[in-house]
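Everything below belongs to input.tsv, which stores TSV, C-alpha atoms.
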```tsv
chain	number	residue	atom	x	y	z
W	1	MET	CA	-39.42	-8.28	55.35
W	2	ARG	CA	-37.27	-9.38	52.46
W	3	GLN	CA	-38.00	-12.75	50.93
W	4	GLN	CA	-35.20	-15.11	50.01
W	5	LYS	CA	-35.42	-17.48	47.12
W	6	ARG	CA	-34.10	-20.88	47.77
W	7	ILE	CA	-33.05	-23.29	45.08
W	8	SER	CA	-33.53	-26.87	46.03
W	9	LEU	CA	-31.09	-29.28	44.47
W	10	ARG	CA	-32.78	-32.62	44.11
W	11	GLU	CA	-31.66	-35.52	42.04
W	12	GLY	CA	-33.05	-35.53	38.58
W	13	ALA	CA	-32.69	-33.95	35.18
W	14	GLY	CA	-32.80	-30.41	36.58
W	15	ASN	CA	-29.77	-31.02	38.78
W	16	ARG	CA	-27.85	-32.62	35.93
W	17	SER	CA	-28.59	-29.64	33.69
W	18	LEU	CA	-27.51	-27.20	36.40
W	19	PHE	CA	-24.31	-29.17	36.98
W	20	LEU	CA	-23.50	-29.30	33.25
W	21	LEU	CA	-24.21	-25.59	32.86
W	22	SER	CA	-21.88	-24.87	35.79
W	23	GLU	CA	-19.16	-27.07	34.25
W	24	VAL	CA	-19.46	-25.35	30.86
W	25	PHE	CA	-19.28	-21.94	32.53
W	26	ASN	CA	-16.21	-22.94	34.58
W	27	ARG	CA	-14.45	-24.26	31.45
W	28	MET	CA	-15.21	-21.07	29.52
W	29	VAL	CA	-13.96	-18.87	32.37
W	30	GLY	CA	-10.93	-21.14	32.81
W	31	LYS	CA	-10.03	-20.87	29.11
W	32	GLU	CA	-10.31	-17.10	29.29
W	33	ILE	CA	-8.04	-16.96	32.37
W	34	VAL	CA	-5.49	-19.19	30.61
W	35	ARG	CA	-5.53	-16.88	27.56
W	36	GLU	CA	-5.00	-13.83	29.80
W	37	ILE	CA	-2.08	-15.54	31.60
W	38	GLU	CA	-0.53	-16.53	28.24
W	39	GLN	CA	-0.70	-12.90	27.09
W	40	LEU	CA	0.80	-11.61	30.34
W	41	LEU	CA	3.66	-14.10	30.11
W	42	ALA	CA	4.30	-13.26	26.45
W	43	ALA	CA	4.70	-9.61	27.46
W	44	LYS	CA	6.95	-10.53	30.41
W	45	PHE	CA	9.17	-12.68	28.20
W	46	HIS	CA	9.97	-9.60	26.07
W	47	GLU	CA	11.81	-8.08	29.03
W	48	SER	CA	15.59	-8.59	28.77
W	49	GLU	CA	15.81	-10.51	32.06
W	50	PHE	CA	13.17	-13.00	30.93
W	51	GLU	CA	13.72	-13.21	27.17
W	52	ASP	CA	15.16	-16.74	27.37
W	53	CYS	CA	12.08	-17.97	29.27
W	54	PHE	CA	9.22	-19.81	27.65
W	55	LEU	CA	5.87	-21.27	28.67
W	56	ILE	CA	5.46	-25.03	28.77
W	57	GLU	CA	1.94	-25.40	30.14
W	58	ILE	CA	-0.82	-23.73	32.15
W	59	LYS	CA	-3.21	-25.86	34.17
W	60	LEU	CA	-6.33	-24.81	36.03
W	61	PRO	CA	-7.20	-28.06	37.88
W	62	LYS	CA	-9.70	-26.26	40.15
W	63	PRO	CA	-11.44	-22.90	39.82
W	64	ASN	CA	-9.10	-21.44	42.48
W	65	LYS	CA	-5.80	-23.17	41.61
W	66	LEU	CA	-3.50	-22.13	38.78
W	67	GLU	CA	-0.34	-24.03	37.83
W	68	VAL	CA	2.17	-22.44	35.46
W	69	PHE	CA	5.11	-24.48	34.13
W	70	LEU	CA	8.03	-22.59	32.63
W	71	ASP	CA	11.48	-23.24	31.23
W	72	ALA	CA	14.38	-21.14	29.99
W	73	ASP	CA	17.17	-21.75	27.53
W	74	SER	CA	19.69	-21.08	30.30
W	75	GLY	CA	17.63	-22.98	32.89
W	76	ILE	CA	14.80	-21.57	34.96
W	77	THR	CA	15.77	-20.35	38.42
W	78	PHE	CA	13.80	-20.10	41.63
W	79	GLU	CA	14.23	-16.31	41.51
W	80	LYS	CA	12.75	-16.08	38.01
W	81	CYS	CA	9.78	-18.23	39.03
W	82	GLN	CA	9.27	-16.09	42.11
W	83	ARG	CA	9.36	-12.82	40.15
W	84	ILE	CA	6.97	-14.17	37.51
W	85	SER	CA	4.67	-15.41	40.27
W	86	ARG	CA	4.54	-11.93	41.85
W	87	TYR	CA	3.90	-10.41	38.42
W	88	LEU	CA	0.97	-12.77	37.76
W	89	GLU	CA	-0.39	-12.36	41.31
W	90	SER	CA	-0.77	-8.62	40.82
W	91	TYR	CA	-3.02	-9.16	37.78
W	92	ILE	CA	-4.93	-12.05	39.33
W	93	ASP	CA	-5.62	-10.00	42.47
W	94	THR	CA	-6.55	-6.83	40.59
W	95	ASN	CA	-8.97	-8.66	38.29
W	96	ASN	CA	-10.17	-11.17	40.90
W	97	TRP	CA	-9.80	-13.98	38.33
W	98	LEU	CA	-9.51	-16.76	40.90
W	99	GLY	CA	-11.40	-15.28	43.82
W	100	GLU	CA	-9.90	-14.14	47.11
W	101	ASN	CA	-8.43	-17.46	48.20
W	102	TYR	CA	-6.43	-19.12	45.47
W	103	THR	CA	-3.24	-21.05	44.89
W	104	LEU	CA	-0.74	-20.00	42.25
W	105	GLU	CA	2.16	-22.31	41.51
W	106	VAL	CA	4.86	-21.12	39.13
W	107	SER	CA	7.63	-23.64	38.60
W	108	SER	CA	9.96	-25.27	36.16
W	109	ALA	CA	8.53	-28.08	34.12
W	110	GLY	CA	10.84	-30.45	36.00
W	111	ILE	CA	13.21	-33.04	34.65
W	112	ASP	CA	10.65	-35.85	34.96
W	113	ARG	CA	7.96	-34.15	32.86
W	114	PRO	CA	7.68	-35.06	29.18
W	115	LEU	CA	9.20	-32.72	26.61
W	116	LYS	CA	6.52	-30.83	24.68
W	117	LEU	CA	8.23	-28.10	22.67
W	118	LEU	CA	10.99	-28.06	20.07
W	119	ARG	CA	12.77	-25.51	22.25
W	120	GLN	CA	12.96	-28.07	25.08
W	121	TYR	CA	14.49	-30.66	22.78
W	122	LYS	CA	17.11	-28.19	21.52
W	123	LYS	CA	17.96	-27.19	25.08
W	124	ASN	CA	18.60	-30.84	25.97
W	125	ILE	CA	20.85	-31.81	23.04
W	126	GLY	CA	23.67	-33.97	24.38
W	127	ARG	CA	21.58	-35.47	27.19
W	128	LYS	CA	20.18	-38.96	27.56
W	129	ILE	CA	16.57	-39.26	26.38
W	130	GLU	CA	13.90	-41.98	26.41
W	131	VAL	CA	11.38	-41.82	23.58
W	132	SER	CA	8.15	-43.82	23.54
W	133	GLN	CA	6.83	-44.01	20.01
W	134	LYS	CA	3.18	-44.18	18.99
W	135	GLU	CA	3.63	-47.61	17.43
W	136	GLY	CA	4.81	-48.92	20.80
W	137	ALA	CA	8.61	-49.08	20.55
W	138	THR	CA	10.77	-47.30	23.13
W	139	ILE	CA	14.25	-46.06	22.28
W	140	GLU	CA	16.80	-44.69	24.71
W	141	GLY	CA	19.93	-42.83	23.73
W	142	LYS	CA	21.74	-39.52	23.47
W	143	LEU	CA	19.82	-36.64	21.89
W	144	LEU	CA	21.95	-35.44	18.96
W	145	ASP	CA	19.70	-32.98	17.13
W	146	ALA	CA	16.19	-31.57	16.87
W	147	ASP	CA	14.55	-29.66	14.03
W	148	ASP	CA	11.01	-28.70	13.07
W	149	THR	CA	10.00	-32.23	12.03
W	150	LYS	CA	12.16	-34.74	13.90
W	151	ILE	CA	14.75	-35.54	16.53
W	152	THR	CA	17.92	-37.56	16.07
W	153	ILE	CA	19.23	-39.72	18.87
W	154	GLU	CA	22.26	-41.97	19.10
W	155	ALA	CA	21.00	-45.36	20.23
W	156	LYS	CA	22.14	-48.96	20.26
W	157	VAL	CA	20.52	-50.61	17.26
W	158	LYS	CA	20.83	-54.18	16.05
W	159	LEU	CA	20.26	-54.54	12.33
W	160	ASP	CA	19.21	-57.79	10.65
W	161	GLY	CA	22.17	-60.12	10.27
W	162	GLU	CA	24.21	-58.44	12.99
W	163	LYS	CA	25.09	-60.28	16.16
W	164	LYS	CA	25.54	-57.20	18.29
W	165	ALA	CA	23.81	-53.83	18.60
W	166	THR	CA	25.95	-50.81	17.79
W	167	LEU	CA	25.50	-47.08	18.30
W	168	ARG	CA	23.78	-45.46	15.33
W	169	PRO	CA	21.86	-42.25	14.70
W	170	VAL	CA	18.10	-42.84	14.74
W	171	GLU	CA	15.64	-40.25	13.43
W	172	ILE	CA	12.19	-40.07	14.98
W	173	ALA	CA	9.50	-37.81	13.54
W	174	PHE	CA	7.65	-35.63	16.06
W	175	ASP	CA	4.41	-37.10	14.68
W	176	ASN	CA	5.58	-40.51	15.93
W	177	ILE	CA	6.57	-39.42	19.46
W	178	LYS	CA	4.08	-40.41	22.13
W	179	LYS	CA	6.27	-39.29	25.05
W	180	ALA	CA	9.88	-38.17	25.46
W	181	VAL	CA	11.63	-37.62	28.79
W	182	ILE	CA	15.18	-36.75	29.76
W	183	ARG	CA	16.91	-39.47	31.77
W	184	VAL	CA	19.35	-38.29	34.41
W	185	SER	CA	22.33	-40.50	35.15
W	186	TRP	CA	23.49	-40.35	38.74
```

Take the structure from the file and write it as structure tokens.
Amino acid sequence: MRQQKRISLREGAGNRSLFLLSEVFNRMVGKEIVREIEQLLAAKFHESEFEDCFLIEIKLPKPNKLEVFLDADSGITFEKCQRISRYLESYIDTNNWLGENYTLEVSSAGIDRPLKLLRQYKKNIGRKIEVSQKEGATIEGKLLDADDTKITIEAKVKLDGEKKATLRPVEIAFDNIKKAVIRVSW
């Protein structure tokens, strides 16, 4: 007769240590999976059909759920997301990275998500943008330019001594941007 060992989880320091060890392990495995996915996507983005695509973010909110947010200079399509999803699925399944039952979501970053990369800013030149700055001010206007250190937007600004705000270019350093989102006018 084979004996089974049973681990009893009771409240106390032992449980807390086991929980923390499990959390550390899950984070380490999660980071490794994210690195693997980043490498797979980098390789995929060298293919001619996907060379205008770029990665915005990878999230692993649960051990068996992976969210991949993409964009493309020409706009990300459902078909591109679907093909990238199938590509990633084949590696996830082969390597059993997320177990047998998992959820993989590959999608565009979405218009309501904050801009994170210079490439996103450049793609959206000419569109209306709302920028929350770290010091607390919020400026809304038309995105005119973006370079490695700053963005330039055309916004209504009222200078000292003026009665009325007028449209002027305003430069905002990336270091001072807390959040920037594209505003769609309907």

Which of W:Leu66, W:Gly30, W:Ser74, W:Asp112 sits closest to Glu51 (chain W) [using only C-alpha atoms]: W:Ser74

Of the listed residues W:Val157, W:Leu55, W:Leu167, W:Ala180, that which approaches Phe69 (chain W) most closely, counting all atoms listed in the file: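 Using all atoms listed in the file, Phe69 (chain W) sits closest to W:Leu55.
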
Could you check the closest approach to Asp52 (chain W) for each of W:Lys158, W:Arg35, W:Arg127, W:Lys80 and tell me which residue wins, using only C-alpha atoms? W:Lys80

So, counting only C-alpha atoms, which residue among W:Lys44, W:Lys150, W:Arg168, W:Lys116 is closest to Ile84 (chain W)? W:Lys44

Contacts of Ile76 (chain W) at 10 Å or less, counting all atoms listed in the file, minus same-chain residues fewer than 6 places along, as a PyMOL selection string? chain W and resi 50+52-54+70+107-110

Do you have the CA of Pro169 (chain W)-CA of Ile111 (chain W) distance handy?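 These two atoms are separated by 23.6 Å.
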
Once you add 3 Å to each side, what are the centre and edge lengths of the axis-aligned box holding all listed atoms of region 47-52 of chain W? One decimal in Å, as lines of an AutoDock Vina configuration file, if you can.
```
center_x = 13.8
center_y = -12.4
center_z = 29.6
size_x = 10.0
size_y = 14.7
size_z = 10.9
```

With distances taken over all atoms listed in the file, the candidate from W:Val181, W:Arg119, W:Ala42, W:Lys163 nearest Gly75 (chain W) is W:Arg119

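Across the structure, CA of Glu135 (chain W) and CA of Ile58 (chain W) are spaced 28.4 Å apart.
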
Counting all atoms listed in the file, which residue out of W:Asp71, W:Glu57, W:Asp148, W:Glu162 sits closest to Phe174 (chain W)?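 Of the candidates, the smallest distance to Phe174 (chain W) is held by W:Asp148.
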
Mind pulling up the distance from CA of Lys142 (chain W) to CA of Lys156 (chain W)?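 These atoms are spaced 10.0 Å apart.
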
Just the residues within 8 Å of Leu144 (chain W), please, counting only C-alpha atoms, with nothing from its chain fewer than 2 positions along; format it as a VMD selection string. chain W and resid 125 to 126 142 146 151 to 154

Could region 131-156 of chain W be completed with N, CA, C and O atoms and returned as a CSV table (one decimal), in the frame of the given file?
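And here's out26.csv as it stands now:
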```
chain,number,residue,atom,x,y,z
W,131,VAL,N,12.5,-42.2,24.5
W,131,VAL,CA,11.4,-41.8,23.6
W,131,VAL,C,10.4,-43.0,23.4
W,131,VAL,O,10.9,-44.1,22.9
W,132,SER,N,9.2,-42.8,23.8
W,132,SER,CA,8.2,-43.8,23.5
W,132,SER,C,7.5,-43.4,22.3
W,132,SER,O,7.0,-42.3,22.1
W,133,GLN,N,7.4,-44.3,21.3
W,133,GLN,CA,6.8,-44.0,20.0
W,133,GLN,C,5.4,-44.5,20.0
W,133,GLN,O,5.0,-45.4,20.7
W,134,LYS,N,4.6,-43.9,19.1
W,134,LYS,CA,3.2,-44.2,19.0
W,134,LYS,C,2.9,-45.6,18.6
W,134,LYS,O,1.9,-46.2,19.0
W,135,GLU,N,3.8,-46.2,17.8
W,135,GLU,CA,3.6,-47.6,17.4
W,135,GLU,C,4.0,-48.6,18.5
W,135,GLU,O,3.9,-49.8,18.4
W,136,GLY,N,4.5,-48.1,19.7
W,136,GLY,CA,4.8,-48.9,20.8
W,136,GLY,C,6.3,-49.1,21.2
W,136,GLY,O,6.6,-49.5,22.3
W,137,ALA,N,7.2,-48.9,20.3
W,137,ALA,CA,8.6,-49.1,20.6
W,137,ALA,C,9.1,-48.0,21.4
W,137,ALA,O,8.7,-46.8,21.4
W,138,THR,N,10.1,-48.3,22.3
W,138,THR,CA,10.8,-47.3,23.1
W,138,THR,C,12.3,-47.3,22.8
W,138,THR,O,12.8,-48.4,22.8
W,139,ILE,N,12.8,-46.2,22.6
W,139,ILE,CA,14.2,-46.1,22.3
W,139,ILE,C,14.9,-45.1,23.3
W,139,ILE,O,14.4,-44.1,23.6
W,140,GLU,N,16.0,-45.5,23.8
W,140,GLU,CA,16.8,-44.7,24.7
W,140,GLU,C,18.2,-44.4,24.1
W,140,GLU,O,18.8,-45.3,23.6
W,141,GLY,N,18.6,-43.2,24.2
W,141,GLY,CA,19.9,-42.8,23.7
W,141,GLY,C,20.3,-41.4,24.0
W,141,GLY,O,19.6,-40.7,24.8
W,142,LYS,N,21.3,-40.9,23.3
W,142,LYS,CA,21.7,-39.5,23.5
W,142,LYS,C,21.1,-38.6,22.4
W,142,LYS,O,21.1,-39.0,21.2
W,143,LEU,N,20.5,-37.6,22.8
W,143,LEU,CA,19.8,-36.6,21.9
W,143,LEU,C,20.9,-35.9,21.1
W,143,LEU,O,21.7,-35.2,21.7
W,144,LEU,N,20.9,-36.1,19.8
W,144,LEU,CA,22.0,-35.4,19.0
W,144,LEU,C,21.5,-34.2,18.3
W,144,LEU,O,22.2,-33.2,18.1
W,145,ASP,N,20.2,-34.1,17.9
W,145,ASP,CA,19.7,-33.0,17.1
W,145,ASP,C,18.2,-32.9,17.2
W,145,ASP,O,17.5,-33.9,17.5
W,146,ALA,N,17.6,-31.8,16.9
W,146,ALA,CA,16.2,-31.6,16.9
W,146,ALA,C,15.9,-30.5,15.9
W,146,ALA,O,16.6,-29.4,15.9
W,147,ASP,N,15.0,-30.7,15.0
W,147,ASP,CA,14.6,-29.7,14.0
W,147,ASP,C,13.0,-29.6,14.0
W,147,ASP,O,12.4,-30.2,14.9
W,148,ASP,N,12.5,-28.9,13.1
W,148,ASP,CA,11.0,-28.7,13.1
W,148,ASP,C,10.2,-30.0,12.9
W,148,ASP,O,9.0,-30.0,13.3
W,149,THR,N,10.8,-31.0,12.3
W,149,THR,CA,10.0,-32.2,12.0
W,149,THR,C,10.4,-33.5,12.8
W,149,THR,O,9.7,-34.4,12.9
W,150,LYS,N,11.7,-33.5,13.3
W,150,LYS,CA,12.2,-34.7,13.9
W,150,LYS,C,13.3,-34.5,14.9
W,150,LYS,O,13.8,-33.4,15.0
W,151,ILE,N,13.6,-35.5,15.7
W,151,ILE,CA,14.8,-35.5,16.5
W,151,ILE,C,15.7,-36.7,16.0
W,151,ILE,O,15.2,-37.6,15.4
W,152,THR,N,16.9,-36.5,16.4
W,152,THR,CA,17.9,-37.6,16.1
W,152,THR,C,18.6,-37.9,17.4
W,152,THR,O,19.1,-37.1,18.1
W,153,ILE,N,18.6,-39.2,17.7
W,153,ILE,CA,19.2,-39.7,18.9
W,153,ILE,C,20.2,-40.8,18.5
W,153,ILE,O,20.1,-41.5,17.4
W,154,GLU,N,21.3,-40.9,19.3
W,154,GLU,CA,22.3,-42.0,19.1
W,154,GLU,C,21.8,-43.1,20.0
W,154,GLU,O,21.8,-42.9,21.3
W,155,ALA,N,21.5,-44.2,19.4
W,155,ALA,CA,21.0,-45.4,20.2
W,155,ALA,C,21.6,-46.7,19.8
W,155,ALA,O,22.1,-46.8,18.6
W,156,LYS,N,21.7,-47.6,20.6
W,156,LYS,CA,22.1,-49.0,20.3
W,156,LYS,C,21.1,-49.6,19.4
W,156,LYS,O,19.9,-49.8,19.9
```
